[in-house]
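Inspection log for the structure reproduced underneath, given as structure tokens.
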Amino acid sequence: MPDYTKEYVKKRIIELAKNQDWNHQYILPGGIKTRATDIRSPGYNINKWARLEPIIDKLEPNGKTLLDVGCSDGYYSLQCSKKGMRHIEGIDPDELRIERANFMKKISKVDNVTFRVADFYNLEENDKYDIILGLGLLHRIPDIVRCLEKMSNLSDVLVLEFKTYNSEEDTCFSGKKETKSNKYNALHSIPTKNYVKNRLEGLGFMNNVFYNDNSHLNYKRTILVSRREE
């Protein structure tokens with residue numbers, strides 16, 4: 001980590017966790033970590049990336065652009081930056097998480113990623129992206145349909161990861177809207193796979209490929225790759 005001493009990095013990581021624990025675990029040179037403990041969950045960033053990386057590789061990311069919606073502390077954007085992508089934009093409404101993401105970008109010396117605080121729904125639709133990531137997103141928002149419609153106007157390839165209600169029905173159940181950290185982590189909705197799939201098909205997306213986790217959680221984590229029908 002040129003220009004950044006180990007002491008400075010550790011101090012800054014602690015400062016950025018004063019009001020709220022880091023959401024993403026970064027493991028840096030010298031044994032520095034952003035979190036004191038790991039989580040045994042398919043939704044944890046280290047575990048999720050192990051499932052997500054081969055999926056990203058299949059999309060042939062080299063030279064492409066990507067929008068990471070709800071990028072949080074920036075881990076997935078920075079991992080994707082290693083895939084030869086032309087540009088990655090990570091957005092999140094939480095200023096603290098964007099501050100963390102930009103700190104990690106600086107010490108990682110990455111130049112093909114931009115992080116900024118932004119309202120996803122206010123993005124200009126003449127700005128198109130080759131791929132959109134929406135990881136841990138759909139179950140955290142009050143209106144899944146509105147989100148999918150906006151995504152469909154920005155890209156022809158969507159990679160979505162979300163908590164899933166185990167049913168073949170086309171339905172979306174209301175969550176408890178409780179949160180353990182901040183207002184952005186409220187559990188608003190628990191859709192079935194068919195609910196998301198059918199909404200996307202209505203927007204012209206087909207070739208849906210689902211990847212399921214092997215956990216025993218009540219709400220399994222689904223990764224869905226969907227492309228606009230040509």
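Quick note on naming: the chains in the structure tokens go A, B, ... in the order shown, residues restart at 1 in each chain, and ligands are numbered from 1 in order of appearance.
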
**Prompt:** Can you tell me, as a list in words, what residues are no more than 10 Å from Asn166 of chain A when counting only C-alpha atoms, ignoring any on the same chain fewer than 6 positions away?
**Reply:** Ile190, Pro191, Thr192, Lys193, Asn218, Tyr219 and Lys220 of chain A

**Request:** For Glu89 of chain A, work out the shell of residues within 9 Å, counting only C-alpha atoms and skipping chain neighbours fewer than 2 positions away, then give it as a PyMOL selection string.
**Result:** chain A and resi 65-69+71+77+87+91+112-116

Selection file, C-alpha atoms, as a PDB file, in the first residue's frame:
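Once written, result_29.pdb looks like this:
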```pdb
ATOM      1  CA  THR A  65     -19.069  -0.803 -18.395  1.00  0.00           C
ATOM      2  CA  LEU A  66     -20.896  -1.679 -15.198  1.00  0.00           C
ATOM      3  CA  LEU A  67     -23.256   0.071 -12.788  1.00  0.00           C
ATOM      4  CA  ASP A  68     -23.271  -1.245  -9.210  1.00  0.00           C
ATOM      5  CA  VAL A  69     -26.590  -0.135  -7.677  1.00  0.00           C
ATOM      6  CA  CYS A  71     -22.696  -0.556  -3.946  1.00  0.00           C
ATOM      7  CA  SER A  77     -17.099  -2.825  -7.770  1.00  0.00           C
ATOM      8  CA  HIS A  87     -15.431   1.746 -16.344  1.00  0.00           C
ATOM      9  CA  ILE A  91     -23.735   4.405  -6.365  1.00  0.00           C
ATOM     10  CA  ASN A 112     -11.486   2.582 -13.542  1.00  0.00           C
ATOM     11  CA  VAL A 113     -14.081   2.921 -10.747  1.00  0.00           C
ATOM     12  CA  THR A 114     -16.125   5.929  -9.638  1.00  0.00           C
ATOM     13  CA  PHE A 115     -18.091   5.961  -6.389  1.00  0.00           C
ATOM     14  CA  ARG A 116     -20.693   8.597  -5.613  1.00  0.00           C
TER      15      ARG A 116
END
```

Report as a Markdown table: every residue of segment 44-142 of chain A with an atom at most 9 Å from segment 26-40 of chain A, its closest pair of atoms, and their distance in Å to one decimal, counting only C-alpha atoms, with rows sorted by chain and ascending residue number.
```
| residue | atom | partner | partner_atom | distance |
| --- | --- | --- | --- | --- |
| A:Tyr44 | CA | A:Ile39 | CA | 6.2 |
| A:Ile46 | CA | A:Tyr26 | CA | 8.5 |
| A:Asn47 | CA | A:Arg40 | CA | 8.1 |
| A:Tyr75 | CA | A:Tyr26 | CA | 7.4 |
| A:Met104 | CA | A:Tyr26 | CA | 8.6 |
```

Keeping only C-alpha atoms, write the selected residues to a file as a PDB file, in the first residue's frame.
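Result written to result_28.pdb:
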```pdb
ATOM      1  CA  TYR A  44     -21.699 -11.966   3.292  1.00  0.00           C
ATOM      2  CA  ILE A  46     -16.610 -12.769   0.838  1.00  0.00           C
ATOM      3  CA  ASN A  47     -18.978 -15.717   0.366  1.00  0.00           C
ATOM      4  CA  TYR A  75     -16.217  -4.366  -2.484  1.00  0.00           C
ATOM      5  CA  MET A 104     -10.631   1.606  -0.417  1.00  0.00           C
TER       6      MET A 104
END
```

**Item:** Nearby residues (only C-alpha atoms) at most 10 Å from Glu125 of chain A, same-chain spacing under 2 positions excluded, as a list in words
**Value:** Tyr121, Asn122, Leu123, Asp127, Lys128, Tyr129, Lys150, Met151, Ser152, Asn153, Leu154 and Ser155 of chain A

Selection above as a file: N, CA, C and O atoms, as a CSV table (one decimal), in the first residue's frame:
```csv
chain,number,residue,atom,x,y,z
A,121,TYR,N,-32.9,6.4,-9.0
A,121,TYR,CA,-34.1,6.7,-9.9
A,121,TYR,C,-33.9,8.1,-10.6
A,121,TYR,O,-34.6,8.4,-11.6
A,122,ASN,N,-32.9,8.8,-10.2
A,122,ASN,CA,-32.6,10.1,-10.8
A,122,ASN,C,-31.5,10.0,-11.9
A,122,ASN,O,-31.1,11.0,-12.5
A,123,LEU,N,-31.0,8.8,-12.1
A,123,LEU,CA,-29.9,8.7,-13.1
A,123,LEU,C,-30.5,9.0,-14.5
A,123,LEU,O,-31.6,8.6,-14.9
A,127,ASP,N,-27.6,7.5,-20.4
A,127,ASP,CA,-26.3,6.8,-20.0
A,127,ASP,C,-26.6,5.3,-19.8
A,127,ASP,O,-27.2,4.9,-18.9
A,128,LYS,N,-26.1,4.5,-20.8
A,128,LYS,CA,-26.3,3.1,-20.8
A,128,LYS,C,-25.1,2.4,-20.2
A,128,LYS,O,-24.0,2.8,-20.4
A,129,TYR,N,-25.3,1.2,-19.7
A,129,TYR,CA,-24.3,0.4,-19.1
A,129,TYR,C,-24.4,-1.0,-19.7
A,129,TYR,O,-25.5,-1.5,-20.0
A,150,LYS,N,-36.6,0.8,-14.0
A,150,LYS,CA,-35.4,1.7,-14.1
A,150,LYS,C,-34.2,1.0,-14.7
A,150,LYS,O,-33.5,1.5,-15.6
A,151,MET,N,-33.9,-0.2,-14.1
A,151,MET,CA,-32.8,-1.0,-14.6
A,151,MET,C,-32.9,-1.3,-16.1
A,151,MET,O,-32.0,-1.2,-16.8
A,152,SER,N,-34.2,-1.7,-16.5
A,152,SER,CA,-34.4,-2.1,-17.9
A,152,SER,C,-34.1,-0.9,-18.8
A,152,SER,O,-33.9,-1.1,-20.0
A,153,ASN,N,-34.2,0.3,-18.3
A,153,ASN,CA,-33.9,1.5,-19.2
A,153,ASN,C,-32.4,1.9,-19.2
A,153,ASN,O,-32.0,2.7,-20.0
A,154,LEU,N,-31.6,1.2,-18.4
A,154,LEU,CA,-30.2,1.5,-18.3
A,154,LEU,C,-29.3,0.4,-18.9
A,154,LEU,O,-28.1,0.7,-19.1
A,155,SER,N,-29.8,-0.8,-19.0
A,155,SER,CA,-28.9,-1.9,-19.4
A,155,SER,C,-29.7,-3.1,-20.0
A,155,SER,O,-30.9,-3.2,-19.7
```

**DSSP helix (DSSP H, G or I) residues within chain A, listed as a ChimeraX atom specification** = /A:6-15,29-31,45-58,75-83,95-108,120-122,138-140,144-152,183-185,193-202

**Asked** Hey, which of A:Lys197, A:Lys106, A:Lys64, A:Arg100 ends up closest to Ile14 of chain A? Count only C-alpha atoms.
**Response** A:Arg100

**Prompt:** When distances are computed from only C-alpha atoms, which of A:Asn207, A:Gln20, A:Gly43, A:Glu53 shows the smallest separation from Lys183 of chain A?
**Reply:**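 The closest residue to Lys183 of chain A is A:Gln20.
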
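When DSSP is run on the backbone, the residues of segment 77-176 of chain A that fall into strand (DSSP E or B) are A:His87, A:Ile88, A:Glu89, A:Gly90, A:Ile91, A:Asp92, A:Val113, A:Thr114, A:Phe115, A:Arg116, A:Val117, A:Tyr129, A:Ile131, A:Ile132, A:Leu133, A:Gly134, A:Leu135, A:Ser155, A:Val157, A:Leu158, A:Val159, A:Leu160, A:Glu161, A:Phe162, A:Lys163, A:Thr164, A:Cys172, A:Phe173, A:Ser174.
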
Create the file for the chosen residues now, containing N, CA, C and O atoms and written as an mmCIF file, in the first residue's frame.
```cif
data_model
loop_
_atom_site.group_PDB
_atom_site.id
_atom_site.type_symbol
_atom_site.label_atom_id
_atom_site.label_comp_id
_atom_site.auth_asym_id
_atom_site.auth_seq_id
_atom_site.Cartn_x
_atom_site.Cartn_y
_atom_site.Cartn_z
ATOM 1 N N HIS A 87 -15.051 0.844 -17.432
ATOM 2 C CA HIS A 87 -15.431 1.746 -16.344
ATOM 3 C C HIS A 87 -16.527 1.117 -15.499
ATOM 4 O O HIS A 87 -17.414 0.424 -16.013
ATOM 5 N N ILE A 88 -16.456 1.378 -14.202
ATOM 6 C CA ILE A 88 -17.443 0.904 -13.242
ATOM 7 C C ILE A 88 -17.902 2.101 -12.435
ATOM 8 O O ILE A 88 -17.091 2.908 -11.981
ATOM 9 N N GLU A 89 -19.198 2.192 -12.251
ATOM 10 C CA GLU A 89 -19.754 3.253 -11.402
ATOM 11 C C GLU A 89 -20.524 2.613 -10.264
ATOM 12 O O GLU A 89 -21.439 1.817 -10.490
ATOM 13 N N GLY A 90 -20.143 2.943 -9.035
ATOM 14 C CA GLY A 90 -20.842 2.457 -7.860
ATOM 15 C C GLY A 90 -21.613 3.581 -7.213
ATOM 16 O O GLY A 90 -21.046 4.642 -6.934
ATOM 17 N N ILE A 91 -22.910 3.372 -6.989
ATOM 18 C CA ILE A 91 -23.735 4.405 -6.365
ATOM 19 C C ILE A 91 -24.437 3.848 -5.134
ATOM 20 O O ILE A 91 -24.752 2.663 -5.064
ATOM 21 N N ASP A 92 -24.672 4.712 -4.177
ATOM 22 C CA ASP A 92 -25.361 4.326 -2.951
ATOM 23 C C ASP A 92 -25.901 5.601 -2.314
ATOM 24 O O ASP A 92 -25.264 6.658 -2.405
ATOM 25 N N VAL A 113 -12.871 2.965 -11.567
ATOM 26 C CA VAL A 113 -14.081 2.921 -10.747
ATOM 27 C C VAL A 113 -14.388 4.318 -10.216
ATOM 28 O O VAL A 113 -13.486 5.046 -9.796
ATOM 29 N N THR A 114 -15.654 4.685 -10.237
ATOM 30 C CA THR A 114 -16.125 5.929 -9.638
ATOM 31 C C THR A 114 -17.204 5.594 -8.621
ATOM 32 O O THR A 114 -18.144 4.857 -8.935
ATOM 33 N N PHE A 115 -17.068 6.133 -7.420
ATOM 34 C CA PHE A 115 -18.091 5.961 -6.389
ATOM 35 C C PHE A 115 -18.717 7.317 -6.101
ATOM 36 O O PHE A 115 -18.017 8.321 -5.953
ATOM 37 N N ARG A 116 -20.039 7.338 -5.957
ATOM 38 C CA ARG A 116 -20.693 8.597 -5.613
ATOM 39 C C ARG A 116 -22.044 8.342 -4.944
ATOM 40 O O ARG A 116 -22.681 7.312 -5.174
ATOM 41 N N VAL A 117 -22.443 9.304 -4.115
ATOM 42 C CA VAL A 117 -23.773 9.274 -3.511
ATOM 43 C C VAL A 117 -24.772 9.667 -4.593
ATOM 44 O O VAL A 117 -24.611 10.704 -5.246
ATOM 45 N N TYR A 129 -25.338 1.211 -19.656
ATOM 46 C CA TYR A 129 -24.271 0.367 -19.107
ATOM 47 C C TYR A 129 -24.389 -1.035 -19.707
ATOM 48 O O TYR A 129 -25.492 -1.520 -19.970
ATOM 49 N N ILE A 131 -23.587 -3.782 -18.144
ATOM 50 C CA ILE A 131 -24.056 -4.680 -17.081
ATOM 51 C C ILE A 131 -24.504 -3.841 -15.890
ATOM 52 O O ILE A 131 -23.862 -2.844 -15.557
ATOM 53 N N ILE A 132 -25.589 -4.260 -15.253
ATOM 54 C CA ILE A 132 -25.997 -3.678 -13.977
ATOM 55 C C ILE A 132 -25.925 -4.752 -12.903
ATOM 56 O O ILE A 132 -26.417 -5.863 -13.098
ATOM 57 N N LEU A 133 -25.311 -4.402 -11.779
ATOM 58 C CA LEU A 133 -25.321 -5.253 -10.592
ATOM 59 C C LEU A 133 -26.319 -4.681 -9.596
ATOM 60 O O LEU A 133 -26.316 -3.478 -9.321
ATOM 61 N N GLY A 134 -27.158 -5.550 -9.045
ATOM 62 C CA GLY A 134 -28.049 -5.169 -7.957
ATOM 63 C C GLY A 134 -27.960 -6.262 -6.908
ATOM 64 O O GLY A 134 -28.744 -7.212 -6.924
ATOM 65 N N LEU A 135 -26.986 -6.152 -6.020
ATOM 66 C CA LEU A 135 -26.673 -7.218 -5.069
ATOM 67 C C LEU A 135 -27.226 -6.884 -3.692
ATOM 68 O O LEU A 135 -26.947 -5.822 -3.148
ATOM 69 N N SER A 155 -29.802 -0.808 -18.980
ATOM 70 C CA SER A 155 -28.926 -1.894 -19.416
ATOM 71 C C SER A 155 -29.735 -3.056 -19.977
ATOM 72 O O SER A 155 -30.926 -3.220 -19.668
ATOM 73 N N VAL A 157 -28.367 -6.197 -19.635
ATOM 74 C CA VAL A 157 -27.900 -7.347 -18.859
ATOM 75 C C VAL A 157 -27.964 -6.997 -17.378
ATOM 76 O O VAL A 157 -27.331 -6.032 -16.933
ATOM 77 N N LEU A 158 -28.725 -7.763 -16.625
ATOM 78 C CA LEU A 158 -28.901 -7.528 -15.203
ATOM 79 C C LEU A 158 -28.400 -8.722 -14.402
ATOM 80 O O LEU A 158 -28.717 -9.871 -14.730
ATOM 81 N N VAL A 159 -27.634 -8.446 -13.364
ATOM 82 C CA VAL A 159 -27.200 -9.467 -12.416
ATOM 83 C C VAL A 159 -27.752 -9.072 -11.060
ATOM 84 O O VAL A 159 -27.307 -8.095 -10.461
ATOM 85 N N LEU A 160 -28.738 -9.834 -10.593
ATOM 86 C CA LEU A 160 -29.452 -9.491 -9.372
ATOM 87 C C LEU A 160 -29.262 -10.589 -8.332
ATOM 88 O O LEU A 160 -29.336 -11.774 -8.655
ATOM 89 N N GLU A 161 -29.042 -10.175 -7.088
ATOM 90 C CA GLU A 161 -28.903 -11.126 -5.987
ATOM 91 C C GLU A 161 -29.825 -10.667 -4.874
ATOM 92 O O GLU A 161 -29.817 -9.502 -4.483
ATOM 93 N N PHE A 162 -30.664 -11.609 -4.370
ATOM 94 C CA PHE A 162 -31.693 -11.179 -3.425
ATOM 95 C C PHE A 162 -32.193 -12.350 -2.577
ATOM 96 O O PHE A 162 -32.071 -13.518 -2.955
ATOM 97 N N LYS A 163 -32.760 -11.998 -1.425
ATOM 98 C CA LYS A 163 -33.415 -12.990 -0.596
ATOM 99 C C LYS A 163 -34.693 -13.437 -1.292
ATOM 100 O O LYS A 163 -35.437 -12.614 -1.828
ATOM 101 N N THR A 164 -34.954 -14.740 -1.247
ATOM 102 C CA THR A 164 -36.039 -15.300 -2.039
ATOM 103 C C THR A 164 -37.014 -16.087 -1.178
ATOM 104 O O THR A 164 -36.597 -16.906 -0.350
ATOM 105 N N CYS A 172 -44.968 -11.514 -4.089
ATOM 106 C CA CYS A 172 -43.945 -10.836 -3.304
ATOM 107 C C CYS A 172 -44.529 -10.555 -1.926
ATOM 108 O O CYS A 172 -45.590 -9.930 -1.816
ATOM 109 N N PHE A 173 -43.863 -11.040 -0.901
ATOM 110 C CA PHE A 173 -44.354 -10.881 0.458
ATOM 111 C C PHE A 173 -43.720 -9.662 1.111
ATOM 112 O O PHE A 173 -42.566 -9.328 0.845
ATOM 113 N N SER A 174 -44.449 -9.041 1.983
ATOM 114 C CA SER A 174 -43.953 -7.868 2.682
ATOM 115 C C SER A 174 -43.044 -8.286 3.823
ATOM 116 O O SER A 174 -43.355 -9.215 4.577
#
```

**Item:** Residue with smallest distance to Asp111 of chain A - pool A:Met85, A:Ala50, A:Ile56, A:Ile144, counting only C-alpha atoms
**Value:** A:Met85

**Complete:** In Å and to one decimal, atom CA of Glu15 of chain A is distant from atom CA of Glu99 of chain A by 11.2 Å

**Prompt:** Between A:Arg199, A:Arg51, A:Glu95, A:Ser41, which has the minimum distance to Leu16 of chain A (counting only C-alpha atoms)?
**Reply:** A:Glu95

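The closest residue to Gly70 of chain A, picked from A:Val9, A:Val225, A:Cys147, A:Leu52 and counting only C-alpha atoms, is A:Cys147.
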